[in-house]
Each structure stands twice: as structure tokens, then as C-alpha cells.
$ cat model-v4.pdb   # PDB, C-alpha atoms, pLDDT in the B column
ATOM      1  CA  MET A  20       7.778 -15.365  23.538  1.00 39.00           C
ATOM      2  CA  SER A  21       7.069 -11.696  24.324  1.00 41.00           C
ATOM      3  CA  LYS A  22       4.994  -9.456  22.137  1.00 53.00           C
ATOM      4  CA  SER A  23       6.438  -6.245  20.798  1.00 65.00           C
ATOM      5  CA  ILE A  24       5.010  -3.104  22.309  1.00 75.00           C
ATOM      6  CA  LYS A  25       2.772  -1.273  19.862  1.00 79.00           C
ATOM      7  CA  MET A  26       2.780   2.493  19.610  1.00 86.00           C
ATOM      8  CA  ASP A  27      -0.826   3.764  19.613  1.00 88.00           C
ATOM      9  CA  LEU A  28      -1.439   6.874  17.520  1.00 91.00           C
ATOM     10  CA  ASP A  29      -4.509   8.948  16.672  1.00 90.00           C
ATOM     11  CA  ILE A  30      -3.749   9.551  13.000  1.00 93.00           C
ATOM     12  CA  ASP A  31      -6.138   8.800  10.171  1.00 92.00           C
ATOM     13  CA  PHE A  32      -5.007   5.877   8.025  1.00 94.00           C
ATOM     14  CA  GLU A  33      -5.887   7.749   4.818  1.00 94.00           C
ATOM     15  CA  ASP A  34      -3.414  10.500   5.818  1.00 94.00           C
ATOM     16  CA  ILE A  35      -0.661   7.942   6.346  1.00 94.00           C
ATOM     17  CA  LYS A  36      -1.490   6.255   3.058  1.00 95.00           C
ATOM     18  CA  GLU A  37      -1.313   9.582   1.234  1.00 94.00           C
ATOM     19  CA  ALA A  38       2.020  10.466   2.877  1.00 94.00           C
ATOM     20  CA  ILE A  39       3.453   7.095   1.845  1.00 94.00           C
ATOM     21  CA  GLU A  40       2.257   7.601  -1.712  1.00 93.00           C
ATOM     22  CA  LEU A  41       3.715  11.123  -1.953  1.00 92.00           C
ATOM     23  CA  SER A  42       6.988  10.618  -0.080  1.00 89.00           C
ATOM     24  CA  ASP A  43      10.024  10.559  -2.352  1.00 86.00           C
ATOM     25  CA  VAL A  44      13.549  11.990  -2.487  1.00 81.00           C
ATOM     26  CA  GLU A  45      12.231  15.560  -2.613  1.00 83.00           C
ATOM     27  CA  HIS A  46       9.139  15.274  -0.436  1.00 85.00           C
ATOM     28  CA  HIS A  47       9.723  14.093   3.124  1.00 86.00           C
ATOM     29  CA  TYR A  48       6.893  13.134   5.445  1.00 90.00           C
ATOM     30  CA  PHE A  49       7.172  12.270   9.114  1.00 89.00           C
ATOM     31  CA  ILE A  50       4.816  11.080  11.809  1.00 91.00           C
ATOM     32  CA  ASP A  51       4.962  13.452  14.762  1.00 88.00           C
ATOM     33  CA  THR A  52       4.321  10.953  17.560  1.00 88.00           C
ATOM     34  CA  LYS A  53       4.095  13.670  20.214  1.00 87.00           C
ATOM     35  CA  ASN A  54       1.291  15.584  18.472  1.00 89.00           C
ATOM     36  CA  ASN A  55      -0.285  12.687  16.530  1.00 91.00           C
ATOM     37  CA  LYS A  56       0.000  14.261  13.108  1.00 90.00           C
ATOM     38  CA  ILE A  57       1.878  13.980   9.859  1.00 92.00           C
ATOM     39  CA  ILE A  58       4.279  16.728   8.952  1.00 88.00           C
ATOM     40  CA  TYR A  59       5.886  17.572   5.649  1.00 88.00           C
ATOM     41  CA  ILE A  60       9.402  18.840   5.102  1.00 80.00           C
ATOM     42  CA  GLY A  61      10.293  19.660   1.517  1.00 71.00           C
ATOM     43  CA  GLU A  62      13.825  19.667   0.228  1.00 62.00           C
ATOM     44  CA  TYR A  63      16.376  19.927   2.991  1.00 57.00           C
ATOM     45  CA  ASP A  64      18.471  23.066   3.242  1.00 53.00           C
ATOM     46  CA  ASP A  65      20.937  24.419   5.805  1.00 47.00           C
ATOM     47  CA  ASN A  66      18.100  25.799   7.956  1.00 51.00           C
ATOM     48  CA  SER A  67      16.472  22.374   8.082  1.00 55.00           C
ATOM     49  CA  GLU A  68      19.381  20.811   9.988  1.00 48.00           C
ATOM     50  CA  GLU A  69      18.021  21.972  13.358  1.00 55.00           C
ATOM     51  CA  GLU A  70      14.598  20.565  12.483  1.00 60.00           C
ATOM     52  CA  LEU A  71      16.151  17.241  11.482  1.00 55.00           C
ATOM     53  CA  GLU A  72      17.986  16.936  14.800  1.00 52.00           C
ATOM     54  CA  LYS A  73      14.609  17.200  16.588  1.00 58.00           C
ATOM     55  CA  ILE A  74      13.182  14.449  14.419  1.00 56.00           C
ATOM     56  CA  ASP A  75      15.116  11.711  16.188  1.00 60.00           C
ATOM     57  CA  ASP A  76      13.096  11.983  19.405  1.00 69.00           C
ATOM     58  CA  PHE A  77       9.480  12.370  18.330  1.00 79.00           C
ATOM     59  CA  PHE A  78       9.368  11.760  14.598  1.00 82.00           C
ATOM     60  CA  ILE A  79       9.198   8.634  12.482  1.00 88.00           C
ATOM     61  CA  ALA A  80      10.205   9.080   8.865  1.00 87.00           C
ATOM     62  CA  ILE A  81       7.682   7.835   6.331  1.00 91.00           C
ATOM     63  CA  PRO A  82       9.594   5.636   3.858  1.00 90.00           C
ATOM     64  CA  LYS A  83      10.571   7.218   0.585  1.00 89.00           C
ATOM     65  CA  ARG A  84       9.097   5.779  -2.581  1.00 91.00           C
ATOM     66  CA  PHE A  85      11.182   5.524  -5.706  1.00 92.00           C
ATOM     67  CA  PRO A  86      10.204   5.139  -9.372  1.00 92.00           C
ATOM     68  CA  ASP A  87      11.011   1.422  -9.105  1.00 94.00           C
ATOM     69  CA  ASP A  88       8.251   1.088  -6.484  1.00 94.00           C
ATOM     70  CA  GLU A  89       5.694   2.573  -8.860  1.00 94.00           C
ATOM     71  CA  PHE A  90       7.030   0.488 -11.758  1.00 95.00           C
ATOM     72  CA  GLU A  91       6.645  -2.686  -9.706  1.00 96.00           C
ATOM     73  CA  ILE A  92       2.974  -1.839  -9.036  1.00 96.00           C
ATOM     74  CA  MET A  93       2.460  -1.194 -12.741  1.00 96.00           C
ATOM     75  CA  GLU A  94       3.989  -4.594 -13.573  1.00 95.00           C
ATOM     76  CA  ARG A  95       1.793  -6.377 -11.034  1.00 95.00           C
ATOM     77  CA  PHE A  96      -1.230  -4.637 -12.508  1.00 95.00           C
ATOM     78  CA  MET A  97      -0.216  -5.694 -16.009  1.00 93.00           C
ATOM     79  CA  TYR A  98       0.023  -9.321 -14.863  1.00 91.00           C
ATOM     80  CA  SER A  99      -3.416  -9.051 -13.247  1.00 92.00           C
ATOM     81  CA  LEU A 100      -5.154  -8.190 -16.522  1.00 91.00           C
ATOM     82  CA  ARG A 101      -7.415 -11.027 -17.641  1.00 88.00           C
ATOM     83  CA  ASP A 102      -7.263 -10.042 -21.308  1.00 90.00           C
ATOM     84  CA  PHE A 103      -3.976 -11.588 -22.449  1.00 91.00           C
ATOM     85  CA  SER A 104      -3.673  -9.487 -25.609  1.00 92.00           C
ATOM     86  CA  LEU A 105      -4.206  -6.305 -23.606  1.00 93.00           C
ATOM     87  CA  ALA A 106      -1.647  -7.458 -21.038  1.00 92.00           C
ATOM     88  CA  GLN A 107       0.842  -7.927 -23.883  1.00 94.00           C
ATOM     89  CA  ILE A 108       0.199  -4.358 -25.073  1.00 95.00           C
ATOM     90  CA  PHE A 109       0.901  -3.037 -21.572  1.00 94.00           C
ATOM     91  CA  GLU A 110       3.956  -5.271 -21.249  1.00 94.00           C
ATOM     92  CA  LYS A 111       5.451  -3.874 -24.472  1.00 95.00           C
ATOM     93  CA  ALA A 112       4.739  -0.329 -23.305  1.00 95.00           C
ATOM     94  CA  LEU A 113       6.578  -0.950 -20.025  1.00 94.00           C
ATOM     95  CA  ARG A 114       9.610  -2.419 -21.821  1.00 95.00           C
ATOM     96  CA  ARG A 115      10.098   0.565 -24.153  1.00 95.00           C
ATOM     97  CA  ASN A 116      11.742   3.909 -23.345  1.00 96.00           C
ATOM     98  CA  LYS A 117       9.658   6.174 -21.104  1.00 95.00           C
ATOM     99  CA  PRO A 118       7.553   3.377 -19.554  1.00 95.00           C
ATOM    100  CA  PHE A 119       5.657   5.722 -17.218  1.00 95.00           C
ATOM    101  CA  ARG A 120       4.489   7.939 -20.069  1.00 96.00           C
ATOM    102  CA  ASN A 121       3.649   4.870 -22.193  1.00 95.00           C
ATOM    103  CA  PHE A 122       1.624   3.392 -19.331  1.00 96.00           C
ATOM    104  CA  LYS A 123      -0.288   6.658 -18.806  1.00 96.00           C
ATOM    105  CA  ASN A 124      -0.993   6.955 -22.531  1.00 96.00           C
ATOM    106  CA  LEU A 125      -2.393   3.417 -22.613  1.00 95.00           C
ATOM    107  CA  LEU A 126      -4.608   4.151 -19.620  1.00 96.00           C
ATOM    108  CA  ASP A 127      -5.946   7.193 -21.453  1.00 96.00           C
ATOM    109  CA  LYS A 128      -6.633   4.978 -24.464  1.00 95.00           C
ATOM    110  CA  TYR A 129      -8.482   2.360 -22.349  1.00 94.00           C
ATOM    111  CA  PRO A 130     -10.674   4.236 -19.819  1.00 92.00           C
ATOM    112  CA  GLU A 131     -12.187   1.024 -18.408  1.00 90.00           C
ATOM    113  CA  ILE A 132      -8.668  -0.215 -17.646  1.00 94.00           C
ATOM    114  CA  LYS A 133      -7.755   3.156 -16.137  1.00 95.00           C
ATOM    115  CA  ASN A 134     -10.455   2.695 -13.496  1.00 94.00           C
ATOM    116  CA  GLN A 135      -9.150  -0.811 -12.742  1.00 94.00           C
ATOM    117  CA  TRP A 136      -5.636   0.673 -12.438  1.00 96.00           C
ATOM    118  CA  LEU A 137      -6.734   3.336  -9.947  1.00 95.00           C
ATOM    119  CA  ILE A 138      -8.402   0.704  -7.762  1.00 95.00           C
ATOM    120  CA  PHE A 139      -5.389  -1.636  -8.049  1.00 96.00           C
ATOM    121  CA  LYS A 140      -2.873   1.118  -7.238  1.00 96.00           C
ATOM    122  CA  ASN A 141      -4.929   2.336  -4.276  1.00 95.00           C
ATOM    123  CA  LYS A 142      -5.012  -1.203  -2.853  1.00 95.00           C
ATOM    124  CA  ALA A 143      -1.256  -1.626  -3.415  1.00 96.00           C
ATOM    125  CA  ILE A 144      -0.494   1.617  -1.542  1.00 95.00           C
ATOM    126  CA  GLU A 145      -2.918   0.600   1.190  1.00 94.00           C
ATOM    127  CA  ASN A 146      -1.129  -2.745   1.616  1.00 94.00           C
ATOM    128  CA  GLU A 147       2.244  -0.984   1.608  1.00 94.00           C
ATOM    129  CA  ALA A 148       1.023   1.355   4.371  1.00 94.00           C
ATOM    130  CA  ILE A 149      -0.351  -1.513   6.478  1.00 94.00           C
ATOM    131  CA  ASP A 150       2.906  -3.476   6.087  1.00 93.00           C
ATOM    132  CA  TRP A 151       4.955  -0.443   7.107  1.00 94.00           C
ATOM    133  CA  LEU A 152       2.777   0.311  10.143  1.00 93.00           C
ATOM    134  CA  ASN A 153       3.087  -3.315  11.265  1.00 90.00           C
ATOM    135  CA  ALA A 154       6.858  -3.299  10.740  1.00 91.00           C
ATOM    136  CA  LYS A 155       7.115  -0.153  12.883  1.00 91.00           C
ATOM    137  CA  ASN A 156       4.753  -1.593  15.529  1.00 90.00           C
ATOM    138  CA  ILE A 157       2.336   1.284  15.060  1.00 91.00           C
ATOM    139  CA  ARG A 158      -1.336   0.782  15.804  1.00 89.00           C
ATOM    140  CA  LEU A 159      -3.863   3.423  14.811  1.00 91.00           C
ATOM    141  CA  ARG A 160      -6.469   3.923  17.506  1.00 86.00           C
ATOM    142  CA  ASN A 161     -10.082   3.190  16.595  1.00 84.00           C
ATOM    143  CA  GLN A 162      -9.132   1.921  13.139  1.00 82.00           C
ATOM    144  CA  LYS A 163      -9.301  -1.696  12.038  1.00 80.00           C
ATOM    145  CA  LEU A 164      -6.869  -2.186   9.154  1.00 80.00           C
ATOM    146  CA  ILE A 165      -6.660  -5.959   9.138  1.00 75.00           C
ATOM    147  CA  PRO A 166      -9.821  -7.953   9.781  1.00 72.00           C
ATOM    148  CA  GLU A 167      -9.678 -10.532  12.522  1.00 76.00           C
ATOM    149  CA  ILE A 168     -10.030 -14.084  11.337  1.00 78.00           C
ATOM    150  CA  GLU A 169     -11.734 -16.596  13.531  1.00 81.00           C
ATOM    151  CA  ILE A 170     -11.343 -20.295  12.826  1.00 83.00           C
ATOM    152  CA  LEU A 171     -14.149 -22.456  14.110  1.00 79.00           C
ATOM    153  CA  GLU A 172     -14.661 -26.171  14.056  1.00 84.00           C
ATOM    154  CA  LEU A 173     -18.055 -27.143  12.706  1.00 81.00           C
ATOM    155  CA  THR A 174     -20.179 -29.957  13.999  1.00 85.00           C
ATOM    156  CA  SER A 175     -21.419 -32.516  11.471  1.00 85.00           C
ATOM    157  CA  GLU A 176     -24.852 -30.928  11.551  1.00 89.00           C
ATOM    158  CA  GLU A 177     -23.440 -27.419  10.934  1.00 86.00           C
ATOM    159  CA  PHE A 178     -21.327 -28.780   8.118  1.00 82.00           C
ATOM    160  CA  ASN A 179     -24.330 -30.466   6.480  1.00 84.00           C
ATOM    161  CA  ASN A 180     -26.282 -27.192   6.661  1.00 87.00           C
ATOM    162  CA  LEU A 181     -23.682 -25.396   4.541  1.00 82.00           C
ATOM    163  CA  SER A 182     -24.410 -24.826   0.877  1.00 82.00           C
ATOM    164  CA  GLU A 183     -23.035 -27.516  -1.424  1.00 78.00           C
ATOM    165  CA  ASP A 184     -20.409 -25.291  -3.046  1.00 74.00           C
ATOM    166  CA  VAL A 185     -18.984 -24.441   0.390  1.00 74.00           C
ATOM    167  CA  ARG A 186     -19.033 -28.069   1.529  1.00 70.00           C
ATOM    168  CA  ASP A 187     -16.974 -29.043  -1.523  1.00 72.00           C
ATOM    169  CA  PHE A 188     -14.266 -26.577  -0.513  1.00 69.00           C
ATOM    170  CA  LEU A 189     -12.063 -28.668   1.716  1.00 62.00           C
ATOM    171  CA  PRO A 190      -8.488 -28.085   2.828  1.00 59.00           C
ATOM    172  CA  ILE A 191      -5.876 -30.079   1.013  1.00 54.00           C
ATOM    173  CA  ALA A 192      -3.428 -29.982   3.879  1.00 50.00           C
ATOM    174  CA  CYS A 193      -2.900 -28.141   7.133  1.00 50.00           C
ATOM    175  CA  LEU A 194       0.257 -26.235   7.859  1.00 47.00           C
TER     176      LEU A 194
END

$ encode --input "model-v4.pdb" --output "C-alpha cells"
Amino acid sequence: MSKSIKMDLDIDFEDIKEAIELSDVEHHYFIDTKNNKIIYIGEYDDNSEEELEKIDDFFIAIPKRFPDDEFEIMERFMYSLRDFSLAQIFEKALRRNKPFRNFKNLLDKYPEIKNQWLIFKNKAIENEAIDWLNAKNIRLRNQKLIPEIEILELTSEEFNNLSEDVRDFLPIACL
């Protein structure tokens, strides 16, 4: 089984994450693989055609995000709320007309939830960016996006030296 060849780029992950978050049908972002930077092309017009033809060789289009993508993150956030009655309030707001405005209004009403939302959304966009980079076989130089996991077998003595709560955590089954 051969490994796919990764493209190594010197682009900051935060810049890619921001481009993914902002890219939509009117705002087009591309990775310029020749110059290791992100470029922005607004709405296409007749003069943009020549630019677009150049894109095939050195540019990778950042995926467009649609309102459904944002809505899906909002739904996941709603389901993550530990306060069931509050989750129901958010659920009703998302099911009514103008769900985005309703959601924003609720966040303004509950500032402590708004902070949780910003953290949740940031993590969702981060995961989306990491998934996309992996799907495109792009590796960002000098940036560790996914921690390495090392699985070690413990001796009986090492196992006995673990705290009790860790020792009680045993696998149910191996895959």
C-alpha cells in the first residue's frame, strides 16, 4: 500500500482557517502553491476569466461554505448544551423563520452561552480546515495540527502505579 504524496506548504494554519470560514459564493479564496500564500478573488467578472485560467496550475480553491454549513454547526452547538431547557429554546429559534437572526438574538440574550458558541464554532471551523487539508494531501510545514498518539503496553508494575481512576478505565473491546 503506497502513501499519497503530501504537498508541503509554508502557510499559517490560522490564515487557512479564516479563508475557509469566509469563503462563500461571493468570496473566493485560493491557495497559491507557487508563492505559499492565500489569495482572494471577489465576484468573478469578464476580466477575471484570464486569472481563473491561471488558477488550474498553481492554485487550489478553498471550498465554499454555504448557509447550510453554518446552520449545521449551530445545530450541533444546540445539541451540545447541557441545560436541556436552554437547548429547547435554541431549538425552537432554529426552527422558526429567520433562524440565523433568532440564533444571534439568543446569543445576545445569553452572554455566557455566546462565549461557548464562539469557542464551539472556532473548533468546528478548525476541524473543517484540518479535514480539508488532509483530503487535499496538504501538510503545513512546522505546524502540528493533529497530535501524534502513541500506544504503549504497560508492564504489571507500571499498571499498578497508575492512579485508581485510570486503572478502572479498561477497554471493552479492541477493533

$ resolve_selection --input "model-v4.pdb" --expression "the PyMOL selection byres ((chain A and resi 116-126) around 12)" --output "VMD selection string"
chain A and resid 86 to 94 96 to 97 105 to 115 127 to 137

$ atom_distance --input "model-v4.pdb" --atom1 "atom CA of A:Leu159" --atom2 "atom CA of A:Ile58"
16.7 Å

$ closest_residue --input "model-v4.pdb" --among "A:Arg84, A:Lys155, A:Lys25, A:Arg95" --to "A:Glu45" --atoms "only C-alpha atoms"
A:Arg84

$ atom_distance --input "model-v4.pdb" --atom1 "atom CA of A:Phe139" --atom2 "atom CA of A:Glu167"
22.8 Å

$ residues_around --input "model-v4.pdb" --residues "A:Ile149" --least-positions-apart "5" --cutoff "10 Å" --atoms "all atoms listed in the file" --output "list in words"
Phe32, Ile35, Lys36, Ala143, Ile144, Ala154, Lys155, Ile157, Arg158, Leu164 and Ile165 of chain A

$ resolve_selection --input "model-v4.pdb" --expression "the PyMOL selection byres ((chain A and resi 50) around 8)" --output "list in words"
Tyr48, Phe49, Asp51, Thr52, Asn55, Lys56, Ile57, Ile58, Phe78, Ile79, Ala80 and Ile81 of chain A

$ atom_distance --input "model-v4.pdb" --atom1 "atom CA of A:Asp31" --atom2 "atom CA of A:Glu145"
12.6 Å

$ closest_residue --input "model-v4.pdb" --among "A:Lys53, A:Ser104, A:Gly61, A:Asn141" --to "A:Glu37" --atoms "all atoms listed in the file"
A:Asn141

$ closest_residue --input "model-v4.pdb" --among "A:Glu183, A:Lys163, A:Glu176, A:Lys83" --to "A:Glu40" --atoms "only C-alpha atoms"
A:Lys83

$ closest_residue --input "model-v4.pdb" --among "A:Tyr98, A:Thr174, A:Phe103, A:Asn146" --to "A:Ile39" --atoms "all atoms listed in the file"
A:Asn146

$ decode --input "model-v4.pdb" --residues "stretch 31-126 of chain A" --atoms "C-alpha atoms" --output "short mmCIF file (atom, residue, chain, number, x, y, z; two decimals), in the first residue's frame"
data_model
loop_
_atom_site.label_atom_id
_atom_site.label_comp_id
_atom_site.auth_asym_id
_atom_site.auth_seq_id
_atom_site.Cartn_x
_atom_site.Cartn_y
_atom_site.Cartn_z
CA ASP A 31 -0.13 29.72 8.53
CA PHE A 32 -2.99 27.46 9.60
CA GLU A 33 -4.93 30.42 11.04
CA ASP A 34 -4.92 32.04 7.57
CA ILE A 35 -6.31 28.88 6.00
CA LYS A 36 -8.92 28.58 8.73
CA GLU A 37 -10.01 32.18 8.17
CA ALA A 38 -10.21 31.68 4.39
CA ILE A 39 -12.36 28.58 4.88
CA GLU A 40 -14.65 30.47 7.23
CA LEU A 41 -15.04 33.44 4.86
CA SER A 42 -15.23 31.61 1.53
CA ASP A 43 -18.72 31.57 0.04
CA VAL A 44 -20.42 32.11 -3.32
CA GLU A 45 -19.27 35.73 -3.47
CA HIS A 46 -15.89 35.49 -1.77
CA HIS A 47 -13.39 33.13 -3.38
CA TYR A 48 -10.13 32.17 -1.71
CA PHE A 49 -7.33 30.13 -3.23
CA ILE A 50 -4.04 28.73 -2.03
CA ASP A 51 -1.25 29.92 -4.30
CA THR A 52 1.03 26.88 -4.09
CA LYS A 53 3.82 28.57 -6.04
CA ASN A 54 4.11 31.55 -3.67
CA ASN A 55 2.82 29.88 -0.47
CA LYS A 56 0.05 32.36 0.22
CA ILE A 57 -3.69 32.70 0.19
CA ILE A 58 -5.25 34.95 -2.39
CA TYR A 59 -8.72 36.41 -2.58
CA ILE A 60 -10.79 36.93 -5.70
CA GLY A 61 -14.13 38.62 -5.16
CA GLU A 62 -17.04 38.22 -7.51
CA TYR A 63 -15.99 36.97 -10.91
CA ASP A 64 -16.35 39.28 -13.89
CA ASP A 65 -15.25 39.12 -17.53
CA ASN A 66 -11.76 40.36 -16.63
CA SER A 67 -11.36 37.56 -14.10
CA GLU A 68 -11.52 34.83 -16.76
CA GLU A 69 -7.79 35.14 -17.53
CA GLU A 70 -6.99 34.93 -13.82
CA LEU A 71 -9.17 31.83 -13.46
CA GLU A 72 -7.38 30.06 -16.31
CA LYS A 73 -4.09 30.52 -14.40
CA ILE A 74 -5.62 29.02 -11.28
CA ASP A 75 -5.58 25.49 -12.65
CA ASP A 76 -1.79 25.18 -12.49
CA PHE A 77 -0.76 26.73 -9.18
CA PHE A 78 -3.94 27.39 -7.24
CA ILE A 79 -6.14 25.24 -5.05
CA ALA A 80 -9.62 26.57 -4.46
CA ILE A 81 -10.65 26.84 -0.83
CA PRO A 82 -14.08 25.16 -0.53
CA LYS A 83 -17.08 27.44 -0.48
CA ARG A 84 -19.21 27.48 2.64
CA PHE A 85 -22.96 27.76 2.38
CA PRO A 86 -25.60 28.81 4.92
CA ASP A 87 -26.39 25.12 5.49
CA ASP A 88 -22.82 24.62 6.74
CA GLU A 89 -23.25 27.35 9.34
CA PHE A 90 -26.72 26.05 10.26
CA GLU A 91 -25.31 22.57 10.84
CA ILE A 92 -22.71 23.99 13.26
CA MET A 93 -25.46 25.89 15.07
CA GLU A 94 -27.50 22.68 15.40
CA ARG A 95 -24.52 20.74 16.75
CA PHE A 96 -23.91 23.52 19.25
CA MET A 97 -27.55 23.43 20.33
CA TYR A 98 -27.30 19.68 20.94
CA SER A 99 -24.12 20.22 22.97
CA LEU A 100 -25.84 22.46 25.52
CA ARG A 101 -26.07 20.75 28.90
CA ASP A 102 -29.07 22.79 30.02
CA PHE A 103 -31.98 20.97 28.37
CA SER A 104 -34.45 23.84 28.74
CA LEU A 105 -31.98 26.25 27.15
CA ALA A 106 -31.32 23.76 24.34
CA GLN A 107 -35.08 23.67 23.70
CA ILE A 108 -35.17 27.47 23.45
CA PHE A 109 -32.37 27.40 20.87
CA GLU A 110 -34.04 24.53 19.02
CA LYS A 111 -37.30 26.49 18.69
CA ALA A 112 -35.37 29.54 17.48
CA LEU A 113 -33.67 27.49 14.76
CA ARG A 114 -36.98 26.01 13.58
CA ARG A 115 -38.71 29.38 13.11
CA ASN A 116 -38.34 31.80 10.20
CA LYS A 117 -35.01 33.65 10.11
CA PRO A 118 -33.07 31.08 12.19
CA PHE A 119 -29.75 32.93 11.88
CA ARG A 120 -31.18 36.15 13.28
CA ASN A 121 -33.03 34.21 16.01
CA PHE A 122 -29.82 32.41 16.97
CA LYS A 123 -27.86 35.69 17.13
CA ASN A 124 -30.58 37.32 19.23
CA LEU A 125 -30.50 34.43 21.70
CA LEU A 126 -26.72 34.66 21.95
#
